[in-house]
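J.: Structure below; questions to follow.
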Amino acid sequence: MQIRRALASAPVAAPHPDPDALAAVASRAIGAEVTIEAIRRLSGGASRETWAFDACTPAGGRHGLVLRRDPSRHAGASDRSTEYRLLAAAGAAGVPVPRVRALLEPADGLGSGFLMDRVEGETIPRRILRDDAFAAARPVLARQCGAIAAAIHAVPAGSLPPLPVQDAAGQVAQYRALLDGFGEPHPAFELGLRWLADHAPPPPERPALVHGDFRNGNLVVGPDGVRAVLDWELAHLGDPVEDLGWLCVRSWRFGNTARVVGGFGDLDDLLDAYAAAGGGAVDAEHVRYWVALGTLKWGVICIAQAFTHLSGTVRSVELATLGRRVAETEWDLLDVLDGGW
Amino acid sequence: MQIRRALASAPVAAPHPDPDALAAVASRAIGAEVTIEAIRRLSGGASRETWAFDACTPAGGRHGLVLRRDPSRHAGASDRSTEYRLLAAAGAAGVPVPRVRALLEPADGLGSGFLMDRVEGETIPRRILRDDAFAAARPVLARQCGAIAAAIHAVPAGSLPPLPVQDAAGQVAQYRALLDGFGEPHPAFELGLRWLADHAPPPPERPALVHGDFRNGNLVVGPDGVRAVLDWELAHLGDPVEDLGWLCVRSWRFGNTARVVGGFGDLDDLLDAYAAAGGGAVDAEHVRYWVALGTLKWGVICIAQAFTHLSGTVRSVELATLGRRVAETEWDLLDVLDGGW
Amino acid sequence: MQDRPTAAELVAAVREWIEHDVVPATEGRLAFHARVAANALGIVERELTADAAFTAAQRERARALLGHDGPAAELERELAARIRDGSLDGRLDEVREHVRRTVREKLAVANPGYLPDAARP
Amino acid sequence: MQDRPTAAELVAAVREWIEHDVVPATEGRLAFHARVAANALGIVERELTADAAFTAAQRERARALLGHDGPAAELERELAARIRDGSLDGRLDEVREHVRRTVREKLAVANPGYLPDAARP
């Protein structure tokens with residue numbers, strides 16, 4: 001699960017992509033013969049890789065690129081190509097995303113994936129929330145996120161690849177089943193599941209594109225503010241307020257609890273900018289519903305990560321410790337059920 | 001406590017002795033102008049140091065030396081000078097010990113201590129018991145230890161520095177009081193203390209020099225066998241059989257439990273050689289008494305080490321873990337009380 | 001019954017070694033995991049010190065809610081099931097109070113800094 | 001009552017990290033202490049898994065010896081005092097049997113490899 005990256009864990013070791021094959025694709029993407037320099041792993045787990053590198057032209061030009069790929073040969077290419085088409089559609093609709101440059105083909109010999117431009121900036125939440133370099137950006141981030149969310153939710157349906165439709169009631173059922181699989185009682189989550197089932201908003205008449213992991217940690221931020229939205233792997237069609245709620249889940253405030261929006265801003269700014277950018281008027285209680293569901297989702301994901309360790313799939317003290325962070329999400333959830341933020 | 005070295009722990013950091021001061025003393029000791037090379041810390045705790053170095057003559061001669069010292073300026077000089085005089089007396093009486101070369105004087109500026117020759121060989125018990133290099137030595141070690149013990153116990157009293165007299169009953173009382181100070185109940189040790197008090201041998205008519213820490217770990221061993229006996233800091237006057245018993249404590253067999261003498265030999269060899277070298281006939285039951293007392297002493301010392309950590313004097317996972325090795329000595333002690341070895 | 005150091009004291013000794021010796025000597029992935037490991041051992045220390053009392057209190061509350069006694073884990077499992085099936089809907093205020101206390105007791109072990117000062121047990 | 005991983009499972013995770021990641025990356029004093037630390041955590045794991053049963057058995061034996069109940073630590077303290085004052089001299093065989101079992105239970109946690117196979121509890 002992509003959400004895992006919130007942990008800032010170092011990437012798992014993986015073989016480097018072949019530089020010659022990469023140079024061939026990059027040359028096609030740039031439209032000039034390039035050589036590859038400074039290739040380095042950015043992040044990712046065992047089955048999905050993100051590599052940064054520079055494509056250098058003979059004339060001395062240097063173009064920062066990113067390779068996103070699933071290196072395994074047998075896997076269907078659909079995942080990465082969906083992401084590629086999604087980024088293309090979002091970019092065309094004015095959402096700040098890295099410009100996609102080339103979709104890998106089997107003949108490229110690099111697995112399934114694509115090249116995109118590298119957007120310079122910071123993604124580590126604690127730096128975005130604390131470093132002086134972002135002091136001027138922080139007051140505008142909430143409004144920027146509101147406008148960006150409105151743009152995401154306005155991406156024309158006709159330009160999108162096929163995506164699953166996920167509504168609130170379906171997600172509640174999905175995470176209830178996931179929780180049951182671990183066999184560990186969590187009365188706080190049971191209270192949450194009851195409330196979430198009782199208060200689920202009706203499915204939207206016309207489902208919008210939902211980013212699905214729109215939060216502090218997936219935003220590339222510079223001194224000027226948000227430059228790009230990354231990590232579209234959980235994108236789906238559904239209630240657009242899901243993105244606004246997920247952005248306000250307390251776990252993504254990284255200690256800045258009082259700043260409801262990502263630890264950097266206030267809800268009013270987010271919703272005002274969202275409406276001003278054409279997203280429509282959103283009821284704060286509707287956002288709070290998705291905050292509650294998001295909090296529960298992250299808690300259940302933490303349990304799942306701990307059981308990835310406990311089952312022996314991946315032994316890791318980092319995954320193990322996540323099991324004891326579940327109580328934080330239970331505490332937050334009880335607060336949200338009581339009307340808190 | 002010197003016994004601590006059985007743990008093979010790395011030495012605590014300490015400032016190097018001044019090379020010029022060391023060269024001056026070494027020149028006096030060797031009787032030629034020397035320079036100092038290859039100085040390195042061998043072992044020791046925070047308050048006592050052992051340094052190895054080479055004293056090199058202009059003609060290309062190289063003399064391996066050892067500095068033993070208490071670096072603190074305020075401490076009385078008696079400890080190291082007692083050890084110096086003891087080594088001199090033992091060496092004169094034919095005990096294999098490093099030859100002492102020079103007693104430090106205040107004007108030397110190196111603290112209190114002395115220089116002695118470095119004896120090449122192995123002191124790490126597990127290597128002595130397992131490495132091929134000592135395969136020929138192992139069968140003769142027990143007999144050599146018997147002869148060496150006889151020589152130690154025959155060192156003329158008149159050649160010795162003042163030493164404390166310690167008999168069995170006194171040591172039992174001492175370790176009972178030490179145990180009580182920790183406030184932790186140890187019924188196995190209580191059984192041992194009762195038995196040890198009931199079976200204590202009478203003080204010898206004429207107390208002999210007792211090394212006090214004569215065991216595998218304080219013997220320098222080469223392919224030919226024992227080359228020197230080190231670590232005389234616990235030397236005292238008392239029952240010579242104490243040294244034979246301590247050599248047979250199971251903790252110093254380092255896993256070679258069936259070889260009663262230091263993990264390398266048999267009791268009959270030890271006692272035969274002891275008698276043949278003039279040590280006199282020794283009853284095995286008399287040895288077993290000192291094995292029992294030695295086992296209890298080492299157990300109580302392990303508790304003391306753990307409490308050095310627990311009290312905060314020295315925080316160390318190594319010291320802490322010793323507290324859980326106490327059960328090994330309790331198990332061994334119960335065996336010895338039942339007539340075992 | 002085991003000798004000193006207690007299990008918690010042994011865990012503390014290892015945690016201090018990680019903090020004082022491993023973290024300064026490492027970097028990158030190893031240093032990151034060293035901090036995670038030290039944190040994990042801190043959790044264990046607090047659990048070994050405090051959890052027996054927490055579990056006893058939790059069991060007593062659950063007993064009062066459910067009307068019968070049992071091991072704390074079993075009572076908690078029953079409580080979760082009865083929240084789900086609705087059979088405690090008439091007493092949700094009591095249930096919420098119990099659950100909030102239980103979560104507070106878990107946080108006091110897992111991450112006491114997460115709790116507002118006023119909510120520390 | 002705390003969530004999974006249990007305290008023993010957290011300790012095991014840290015021990016495995018020390019064994020697989022720290023020991024190969026270090027040398028000298030740090031590597032030596034890494035092995036000591038991993039061993040200490042192994043002791044804690046065995047204690048958390050097995051000691052409750054050991055302590056219960058020990059307490060039951062001590063109760064039979066002393067003729068009254070109490071916390072295991074208090075019974076053991078009384079036993080130690082009564083061995084010393086001689087008031088159990090008439091029953092030393094029973095006492096020795098109890099003490100040997102208790103030591104065996106401690107070794108099963110601290111260093112099970114130290115026990116002869118036949119003596120493992």
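If you're wondering about the labels, chains in the structure tokens are A, B, ... by order shown, residues count from 1 in each chain, ligands from 1 in order shown.
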Tell me as a ChimeraX atom specification which residues belonging to chain D come within 6 Å of chain B, counting only C-alpha atoms.

T.: /D:29,77,80,84,103,107,110

J.: Let's have the selection written as a PDB file, in the first residue's frame, with N, CA, C and O atoms.

T.:
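Contents of out.pdb, as written:
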```
ATOM      1  N   ARG D  29      34.273  -3.751  19.666  1.00  0.00           N
ATOM      2  CA  ARG D  29      33.465  -3.585  20.862  1.00  0.00           C
ATOM      3  C   ARG D  29      31.969  -3.541  20.543  1.00  0.00           C
ATOM      4  O   ARG D  29      31.151  -4.146  21.227  1.00  0.00           O
ATOM      5  N   ARG D  77      11.997 -15.496  49.575  1.00  0.00           N
ATOM      6  CA  ARG D  77      12.804 -14.783  50.578  1.00  0.00           C
ATOM      7  C   ARG D  77      12.733 -15.513  51.931  1.00  0.00           C
ATOM      8  O   ARG D  77      13.741 -15.691  52.611  1.00  0.00           O
ATOM      9  N   ALA D  80      14.816 -18.670  51.786  1.00  0.00           N
ATOM     10  CA  ALA D  80      16.245 -18.392  51.926  1.00  0.00           C
ATOM     11  C   ALA D  80      16.590 -18.164  53.398  1.00  0.00           C
ATOM     12  O   ALA D  80      17.589 -18.702  53.914  1.00  0.00           O
ATOM     13  N   ARG D  84      18.940 -20.557  56.015  1.00  0.00           N
ATOM     14  CA  ARG D  84      20.069 -20.005  56.765  1.00  0.00           C
ATOM     15  C   ARG D  84      19.905 -20.251  58.264  1.00  0.00           C
ATOM     16  O   ARG D  84      20.867 -20.634  58.934  1.00  0.00           O
ATOM     17  N   VAL D 103      16.057 -23.375  40.095  1.00  0.00           N
ATOM     18  CA  VAL D 103      17.235 -23.002  39.305  1.00  0.00           C
ATOM     19  C   VAL D 103      17.070 -23.472  37.857  1.00  0.00           C
ATOM     20  O   VAL D 103      17.425 -22.770  36.908  1.00  0.00           O
ATOM     21  N   LEU D 107      17.287 -21.266  34.505  1.00  0.00           N
ATOM     22  CA  LEU D 107      18.178 -21.553  33.371  1.00  0.00           C
ATOM     23  C   LEU D 107      17.402 -21.734  32.075  1.00  0.00           C
ATOM     24  O   LEU D 107      17.898 -21.385  30.999  1.00  0.00           O
ATOM     25  N   ALA D 110      17.249 -18.153  31.136  1.00  0.00           N
ATOM     26  CA  ALA D 110      18.498 -17.399  30.971  1.00  0.00           C
ATOM     27  C   ALA D 110      19.427 -18.046  29.950  1.00  0.00           C
ATOM     28  O   ALA D 110      20.096 -17.352  29.186  1.00  0.00           O
TER      29      ALA D 110
END
```

J.: List the neighbours of segment 35-40 of chain D out to 10 Å using only C-alpha atoms; skip same-chain residues closer than 4 positions along the sequence, and give me the result as a PyMOL selection string.

T.: (chain B and resi 316-322+324) or (chain C and resi 7+10-11+13-15+17-18) or (chain D and resi 11-12+14-19+22-23+30-31+44-45+110-111)

J.: For N, CA, C and O atoms, I'd like the residues from the last selection saved as a compact mmCIF listing (two decimals), in the first residue's frame.

T.:
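Output file again_30.txt is given in full below:
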```txt
# COMPACT_ATOMS: atom_id res chain seq x y z
N SER B 316 25.77 -0.80 31.49
CA SER B 316 26.35 -1.66 30.46
C SER B 316 25.49 -2.88 30.28
O SER B 316 25.18 -3.59 31.24
N VAL B 317 25.12 -3.15 29.04
CA VAL B 317 24.32 -4.33 28.76
C VAL B 317 25.10 -5.59 29.11
O VAL B 317 24.53 -6.61 29.50
N GLU B 318 26.43 -5.51 29.01
CA GLU B 318 27.27 -6.67 29.33
C GLU B 318 27.19 -6.98 30.83
O GLU B 318 26.99 -8.13 31.23
N LEU B 319 27.33 -5.96 31.65
CA LEU B 319 27.21 -6.18 33.10
C LEU B 319 25.81 -6.64 33.46
O LEU B 319 25.63 -7.54 34.29
N ALA B 320 24.81 -6.01 32.86
CA ALA B 320 23.42 -6.36 33.18
C ALA B 320 23.17 -7.85 32.96
O ALA B 320 22.60 -8.54 33.81
N THR B 321 23.62 -8.33 31.81
CA THR B 321 23.33 -9.72 31.46
C THR B 321 23.97 -10.70 32.42
O THR B 321 23.47 -11.82 32.61
N LEU B 322 25.08 -10.31 33.07
CA LEU B 322 25.72 -11.20 34.05
C LEU B 322 24.75 -11.62 35.15
O LEU B 322 24.89 -12.72 35.71
N ARG B 324 21.91 -12.65 34.88
CA ARG B 324 21.18 -13.85 34.49
C ARG B 324 22.11 -15.05 34.29
O ARG B 324 21.63 -16.14 33.94
N ALA C 7 13.15 -8.35 33.48
CA ALA C 7 13.01 -8.27 32.02
C ALA C 7 13.03 -6.80 31.58
O ALA C 7 13.69 -6.44 30.61
N LEU C 10 16.56 -5.46 31.71
CA LEU C 10 17.37 -5.94 30.58
C LEU C 10 17.03 -5.17 29.31
O LEU C 10 17.91 -4.76 28.54
N VAL C 11 15.74 -4.98 29.09
CA VAL C 11 15.31 -4.24 27.90
C VAL C 11 15.85 -2.81 27.95
O VAL C 11 16.33 -2.27 26.94
N ALA C 13 18.58 -1.83 29.41
CA ALA C 13 20.02 -1.86 29.16
C ALA C 13 20.29 -1.92 27.65
O ALA C 13 21.18 -1.23 27.14
N VAL C 14 19.51 -2.72 26.93
CA VAL C 14 19.70 -2.81 25.48
C VAL C 14 19.30 -1.49 24.82
O VAL C 14 19.98 -0.98 23.92
N ARG C 15 18.19 -0.90 25.28
CA ARG C 15 17.75 0.37 24.70
C ARG C 15 18.83 1.45 24.87
O ARG C 15 19.16 2.18 23.93
N TRP C 17 21.98 1.00 25.23
CA TRP C 17 23.11 0.69 24.35
C TRP C 17 22.81 1.14 22.91
O TRP C 17 23.66 1.74 22.25
N ILE C 18 21.59 0.89 22.44
CA ILE C 18 21.24 1.34 21.09
C ILE C 18 21.34 2.86 21.00
O ILE C 18 21.92 3.40 20.05
N VAL D 11 10.18 -7.46 21.20
CA VAL D 11 11.55 -7.77 21.59
C VAL D 11 12.21 -8.66 20.53
O VAL D 11 13.37 -8.45 20.16
N ALA D 12 11.45 -9.61 20.01
CA ALA D 12 12.00 -10.50 18.97
C ALA D 12 12.34 -9.70 17.72
O ALA D 12 13.36 -9.96 17.07
N VAL D 14 13.31 -6.60 17.53
CA VAL D 14 14.56 -5.86 17.76
C VAL D 14 15.74 -6.84 17.77
O VAL D 14 16.80 -6.55 17.19
N ARG D 15 15.57 -8.00 18.39
CA ARG D 15 16.66 -8.98 18.41
C ARG D 15 17.05 -9.39 16.99
O ARG D 15 18.24 -9.45 16.65
N GLU D 16 16.06 -9.66 16.15
CA GLU D 16 16.37 -10.05 14.77
C GLU D 16 17.10 -8.93 14.03
O GLU D 16 18.01 -9.19 13.26
N TRP D 17 16.67 -7.70 14.30
CA TRP D 17 17.35 -6.57 13.64
C TRP D 17 18.81 -6.50 14.10
O TRP D 17 19.72 -6.31 13.27
N ILE D 18 19.04 -6.69 15.39
CA ILE D 18 20.43 -6.67 15.88
C ILE D 18 21.23 -7.79 15.21
O ILE D 18 22.34 -7.57 14.72
N GLU D 19 20.65 -8.99 15.16
CA GLU D 19 21.38 -10.13 14.61
C GLU D 19 21.63 -9.99 13.11
O GLU D 19 22.72 -10.31 12.62
N VAL D 22 22.74 -5.30 12.59
CA VAL D 22 23.78 -4.61 13.36
C VAL D 22 25.06 -5.44 13.40
O VAL D 22 26.14 -4.93 13.09
N VAL D 23 24.95 -6.71 13.74
CA VAL D 23 26.15 -7.53 13.89
C VAL D 23 27.00 -7.54 12.61
O VAL D 23 28.21 -7.27 12.66
N LEU D 30 31.61 -2.82 19.46
CA LEU D 30 30.20 -2.67 19.12
C LEU D 30 29.58 -4.01 18.71
O LEU D 30 28.47 -4.35 19.11
N ALA D 31 30.31 -4.78 17.92
CA ALA D 31 29.81 -6.09 17.48
C ALA D 31 29.70 -7.05 18.68
O ALA D 31 28.74 -7.82 18.78
N VAL D 44 14.80 -12.15 27.54
CA VAL D 44 13.52 -11.48 27.79
C VAL D 44 12.39 -12.20 27.06
O VAL D 44 11.30 -12.43 27.62
N GLU D 45 12.63 -12.59 25.80
CA GLU D 45 11.59 -13.30 25.05
C GLU D 45 11.17 -14.58 25.78
O GLU D 45 9.98 -14.87 25.93
N ALA D 110 17.25 -18.15 31.14
CA ALA D 110 18.50 -17.40 30.97
C ALA D 110 19.43 -18.05 29.95
O ALA D 110 20.10 -17.35 29.19
N ASN D 111 19.49 -19.35 29.93
CA ASN D 111 20.46 -20.03 29.06
C ASN D 111 20.10 -21.51 28.94
O ASN D 111 20.75 -22.36 29.54
```

J.: Determine the nearest neighbour of chain C from the options D:Arg82, D:Arg96, D:Arg63, D:Arg46, counting only C-alpha atoms.

T.: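 Under the stated criterion, the closest residue is D:Arg46.
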
J.: Considering only C-alpha atoms, can you say which of D:Glu27, D:Glu94, D:Asp89, D:Asp117 comes closest to chain C?

T.: D:Glu27

J.: Write down as number ranges by chain the residues belonging to segment 267-308 of chain B that are assigned alpha helix (DSSP H) by DSSP computed on the backbone.

T.: B: 267-274, 284-308

J.: How would the residues just picked look written out with N, CA and C atoms as an mmCIF file, in the first residue's frame?

T.:
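The new file out.cif reads:
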```cif
data_model
loop_
_atom_site.group_PDB
_atom_site.id
_atom_site.type_symbol
_atom_site.label_atom_id
_atom_site.label_comp_id
_atom_site.auth_asym_id
_atom_site.auth_seq_id
_atom_site.Cartn_x
_atom_site.Cartn_y
_atom_site.Cartn_z
ATOM 1 N N LEU B 267 41.492 -34.297 36.897
ATOM 2 C CA LEU B 267 41.929 -33.991 38.260
ATOM 3 C C LEU B 267 43.123 -34.835 38.674
ATOM 4 N N ASP B 268 43.114 -36.114 38.296
ATOM 5 C CA ASP B 268 44.231 -36.977 38.707
ATOM 6 C C ASP B 268 45.570 -36.431 38.219
ATOM 7 N N ASP B 269 45.615 -35.977 36.959
ATOM 8 C CA ASP B 269 46.849 -35.396 36.422
ATOM 9 C C ASP B 269 47.281 -34.192 37.236
ATOM 10 N N LEU B 270 46.320 -33.362 37.559
ATOM 11 C CA LEU B 270 46.643 -32.152 38.324
ATOM 12 C C LEU B 270 47.244 -32.519 39.677
ATOM 13 N N LEU B 271 46.569 -33.425 40.377
ATOM 14 C CA LEU B 271 46.999 -33.742 41.742
ATOM 15 C C LEU B 271 48.290 -34.562 41.750
ATOM 16 N N ASP B 272 48.443 -35.467 40.773
ATOM 17 C CA ASP B 272 49.691 -36.237 40.688
ATOM 18 C C ASP B 272 50.884 -35.310 40.478
ATOM 19 N N ALA B 273 50.743 -34.400 39.528
ATOM 20 C CA ALA B 273 51.845 -33.496 39.225
ATOM 21 C C ALA B 273 52.117 -32.570 40.406
ATOM 22 N N TYR B 274 51.056 -32.186 41.085
ATOM 23 C CA TYR B 274 51.206 -31.309 42.252
ATOM 24 C C TYR B 274 52.041 -32.008 43.327
ATOM 25 N N ALA B 284 40.985 -35.267 47.084
ATOM 26 C CA ALA B 284 40.057 -34.704 46.099
ATOM 27 C C ALA B 284 38.877 -34.008 46.774
ATOM 28 N N GLU B 285 38.433 -34.523 47.916
ATOM 29 C CA GLU B 285 37.304 -33.875 48.613
ATOM 30 C C GLU B 285 37.679 -32.484 49.111
ATOM 31 N N HIS B 286 38.942 -32.330 49.458
ATOM 32 C CA HIS B 286 39.435 -31.019 49.867
ATOM 33 C C HIS B 286 39.384 -30.048 48.679
ATOM 34 N N VAL B 287 39.745 -30.542 47.489
ATOM 35 C CA VAL B 287 39.632 -29.718 46.278
ATOM 36 C C VAL B 287 38.167 -29.366 46.024
ATOM 37 N N ARG B 288 37.292 -30.374 46.178
ATOM 38 C CA ARG B 288 35.866 -30.151 45.885
ATOM 39 C C ARG B 288 35.289 -29.068 46.787
ATOM 40 N N TYR B 289 35.764 -29.021 48.034
ATOM 41 C CA TYR B 289 35.299 -27.939 48.904
ATOM 42 C C TYR B 289 35.577 -26.587 48.262
ATOM 43 N N TRP B 290 36.804 -26.418 47.760
ATOM 44 C CA TRP B 290 37.166 -25.114 47.180
ATOM 45 C C TRP B 290 36.498 -24.880 45.829
ATOM 46 N N VAL B 291 36.153 -25.974 45.129
ATOM 47 C CA VAL B 291 35.348 -25.808 43.918
ATOM 48 C C VAL B 291 33.981 -25.235 44.291
ATOM 49 N N ALA B 292 33.388 -25.789 45.348
ATOM 50 C CA ALA B 292 32.077 -25.294 45.787
ATOM 51 C C ALA B 292 32.170 -23.821 46.181
ATOM 52 N N LEU B 293 33.170 -23.491 46.988
ATOM 53 C CA LEU B 293 33.298 -22.105 47.434
ATOM 54 C C LEU B 293 33.598 -21.199 46.239
ATOM 55 N N GLY B 294 34.440 -21.662 45.320
ATOM 56 C CA GLY B 294 34.756 -20.857 44.138
ATOM 57 C C GLY B 294 33.525 -20.612 43.279
ATOM 58 N N THR B 295 32.691 -21.646 43.127
ATOM 59 C CA THR B 295 31.476 -21.504 42.328
ATOM 60 C C THR B 295 30.563 -20.459 42.950
ATOM 61 N N LEU B 296 30.395 -20.539 44.257
ATOM 62 C CA LEU B 296 29.567 -19.552 44.952
ATOM 63 C C LEU B 296 30.161 -18.147 44.820
ATOM 64 N N LYS B 297 31.480 -18.033 44.955
ATOM 65 C CA LYS B 297 32.114 -16.717 44.841
ATOM 66 C C LYS B 297 31.844 -16.097 43.473
ATOM 67 N N TRP B 298 32.028 -16.885 42.426
ATOM 68 C CA TRP B 298 31.813 -16.357 41.078
ATOM 69 C C TRP B 298 30.349 -15.967 40.885
ATOM 70 N N GLY B 299 29.428 -16.765 41.455
ATOM 71 C CA GLY B 299 28.009 -16.411 41.370
ATOM 72 C C GLY B 299 27.721 -15.077 42.037
ATOM 73 N N VAL B 300 28.281 -14.879 43.227
ATOM 74 C CA VAL B 300 28.029 -13.626 43.947
ATOM 75 C C VAL B 300 28.685 -12.457 43.215
ATOM 76 N N ILE B 301 29.850 -12.706 42.608
ATOM 77 C CA ILE B 301 30.502 -11.645 41.828
ATOM 78 C C ILE B 301 29.634 -11.270 40.620
ATOM 79 N N CYS B 302 28.991 -12.261 39.988
ATOM 80 C CA CYS B 302 28.083 -11.956 38.870
ATOM 81 C C CYS B 302 26.938 -11.059 39.338
ATOM 82 N N ILE B 303 26.386 -11.362 40.510
ATOM 83 C CA ILE B 303 25.334 -10.497 41.049
ATOM 84 C C ILE B 303 25.886 -9.086 41.251
ATOM 85 N N ALA B 304 27.093 -9.019 41.824
ATOM 86 C CA ALA B 304 27.692 -7.709 42.086
ATOM 87 C C ALA B 304 27.867 -6.930 40.786
ATOM 88 N N GLN B 305 28.274 -7.605 39.713
ATOM 89 C CA GLN B 305 28.456 -6.927 38.428
ATOM 90 C C GLN B 305 27.118 -6.401 37.921
ATOM 91 N N ALA B 306 26.070 -7.234 38.035
ATOM 92 C CA ALA B 306 24.754 -6.782 37.573
ATOM 93 C C ALA B 306 24.304 -5.550 38.367
ATOM 94 N N PHE B 307 24.595 -5.539 39.661
ATOM 95 C CA PHE B 307 24.179 -4.390 40.465
ATOM 96 C C PHE B 307 25.063 -3.169 40.217
ATOM 97 N N THR B 308 26.261 -3.368 39.718
ATOM 98 C CA THR B 308 27.059 -2.217 39.275
ATOM 99 C C THR B 308 26.316 -1.486 38.161
#
```

J.: Hey, what does DSSP flag as strand (DSSP E) within segment 118-239 of chain B? Can you give it to me as a ChimeraX atom specification?

T.: /B:165-166,208-210,219-222,225-229,236-238

J.: Could those selected residues go to a file with N, CA and C atoms, as a tab-separated table (two decimals), in the first residue's frame?

T.:
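Result file is again39.tsv:
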```tsv
chain	number	residue	atom	x	y	z
B	165	VAL	N	45.83	-12.51	54.99
B	165	VAL	CA	45.58	-13.93	55.21
B	165	VAL	C	44.08	-14.16	55.07
B	166	GLN	N	43.72	-15.13	54.23
B	166	GLN	CA	42.30	-15.41	54.00
B	166	GLN	C	42.06	-16.91	54.12
B	208	ALA	N	50.21	-20.62	53.02
B	208	ALA	CA	51.07	-20.52	51.83
B	208	ALA	C	50.63	-19.34	50.97
B	209	LEU	N	51.52	-18.97	50.04
B	209	LEU	CA	51.13	-17.99	49.02
B	209	LEU	C	50.06	-18.64	48.13
B	210	VAL	N	48.92	-17.98	47.99
B	210	VAL	CA	47.82	-18.42	47.12
B	210	VAL	C	47.68	-17.37	46.02
B	219	LEU	N	46.31	-17.79	32.23
B	219	LEU	CA	47.51	-18.54	31.83
B	219	LEU	C	47.88	-18.11	30.41
B	220	VAL	N	49.16	-17.76	30.20
B	220	VAL	CA	49.64	-17.53	28.83
B	220	VAL	C	50.09	-18.88	28.29
B	221	VAL	N	49.44	-19.33	27.21
B	221	VAL	CA	49.68	-20.67	26.69
B	221	VAL	C	50.25	-20.57	25.28
B	222	GLY	N	51.27	-21.35	25.01
B	222	GLY	CA	51.82	-21.48	23.67
B	222	GLY	C	51.64	-22.92	23.21
B	225	GLY	N	52.70	-25.27	25.81
B	225	GLY	CA	52.05	-25.32	27.12
B	225	GLY	C	52.11	-23.99	27.82
B	226	VAL	N	51.99	-24.03	29.18
B	226	VAL	CA	51.90	-22.80	29.96
B	226	VAL	C	53.25	-22.08	29.95
B	227	ARG	N	53.21	-20.80	29.59
B	227	ARG	CA	54.43	-20.00	29.57
B	227	ARG	C	54.50	-19.02	30.73
B	228	ALA	N	53.33	-18.58	31.22
B	228	ALA	CA	53.35	-17.63	32.33
B	228	ALA	C	51.99	-17.62	33.02
B	229	VAL	N	52.01	-17.26	34.29
B	229	VAL	CA	50.79	-17.05	35.08
B	229	VAL	C	50.66	-15.55	35.31
B	236	HIS	N	47.06	-13.86	48.12
B	236	HIS	CA	46.94	-13.74	49.57
B	236	HIS	C	47.63	-14.94	50.20
B	237	LEU	N	47.62	-15.00	51.52
B	237	LEU	CA	48.15	-16.16	52.22
B	237	LEU	C	46.97	-17.00	52.70
B	238	GLY	N	47.08	-18.32	52.55
B	238	GLY	CA	45.96	-19.16	52.98
B	238	GLY	C	46.17	-20.61	52.62
```

J.: Determine, counting only C-alpha atoms, which protein, DNA and RNA residues have an atom within 6 Å of an atom of segment 21-36 of chain B; residues of the same chain fewer than 6 positions away are not included. Present the result as a PyMOL selection string.

T.: chain B and resi 54-57+101-102

J.: Export, as a short mmCIF file (atom, residue, chain, number, x, y, z; two decimals), in the first residue's frame, the selected residues with all heavy atoms.

T.:
```
data_model
loop_
_atom_site.label_atom_id
_atom_site.label_comp_id
_atom_site.auth_asym_id
_atom_site.auth_seq_id
_atom_site.Cartn_x
_atom_site.Cartn_y
_atom_site.Cartn_z
N ASP B 54 56.52 -2.00 22.20
CA ASP B 54 57.85 -2.48 21.86
C ASP B 54 58.86 -1.40 22.19
O ASP B 54 58.67 -0.22 21.85
CB ASP B 54 57.95 -2.82 20.37
CG ASP B 54 57.09 -4.04 20.01
OD1 ASP B 54 56.68 -4.77 20.94
OD2 ASP B 54 56.84 -4.24 18.82
N ALA B 55 59.94 -1.80 22.87
CA ALA B 55 61.07 -0.90 23.12
C ALA B 55 62.14 -1.22 22.09
O ALA B 55 62.63 -2.35 22.04
CB ALA B 55 61.60 -1.11 24.54
N CYS B 56 62.46 -0.22 21.24
CA CYS B 56 63.34 -0.48 20.10
C CYS B 56 64.68 0.21 20.30
O CYS B 56 64.74 1.42 20.57
CB CYS B 56 62.69 0.03 18.81
SG CYS B 56 61.10 -0.74 18.52
N THR B 57 65.76 -0.55 20.14
CA THR B 57 67.10 0.02 20.29
C THR B 57 67.59 0.53 18.94
O THR B 57 67.09 0.09 17.89
CB THR B 57 68.08 -1.06 20.80
OG1 THR B 57 68.17 -2.09 19.82
CG2 THR B 57 67.61 -1.65 22.11
N ARG B 101 60.69 -5.55 35.15
CA ARG B 101 61.84 -4.81 34.62
C ARG B 101 62.08 -3.49 35.34
O ARG B 101 63.23 -3.06 35.46
CB ARG B 101 61.60 -4.50 33.13
CG ARG B 101 61.70 -5.73 32.25
CD ARG B 101 63.16 -6.13 32.08
NE ARG B 101 63.31 -7.25 31.15
CZ ARG B 101 64.48 -7.68 30.71
NH1 ARG B 101 65.61 -7.11 31.11
NH2 ARG B 101 64.55 -8.72 29.89
N ALA B 102 61.03 -2.81 35.76
CA ALA B 102 61.22 -1.51 36.42
C ALA B 102 59.96 -1.12 37.16
O ALA B 102 58.85 -1.26 36.64
CB ALA B 102 61.55 -0.44 35.38
#
```
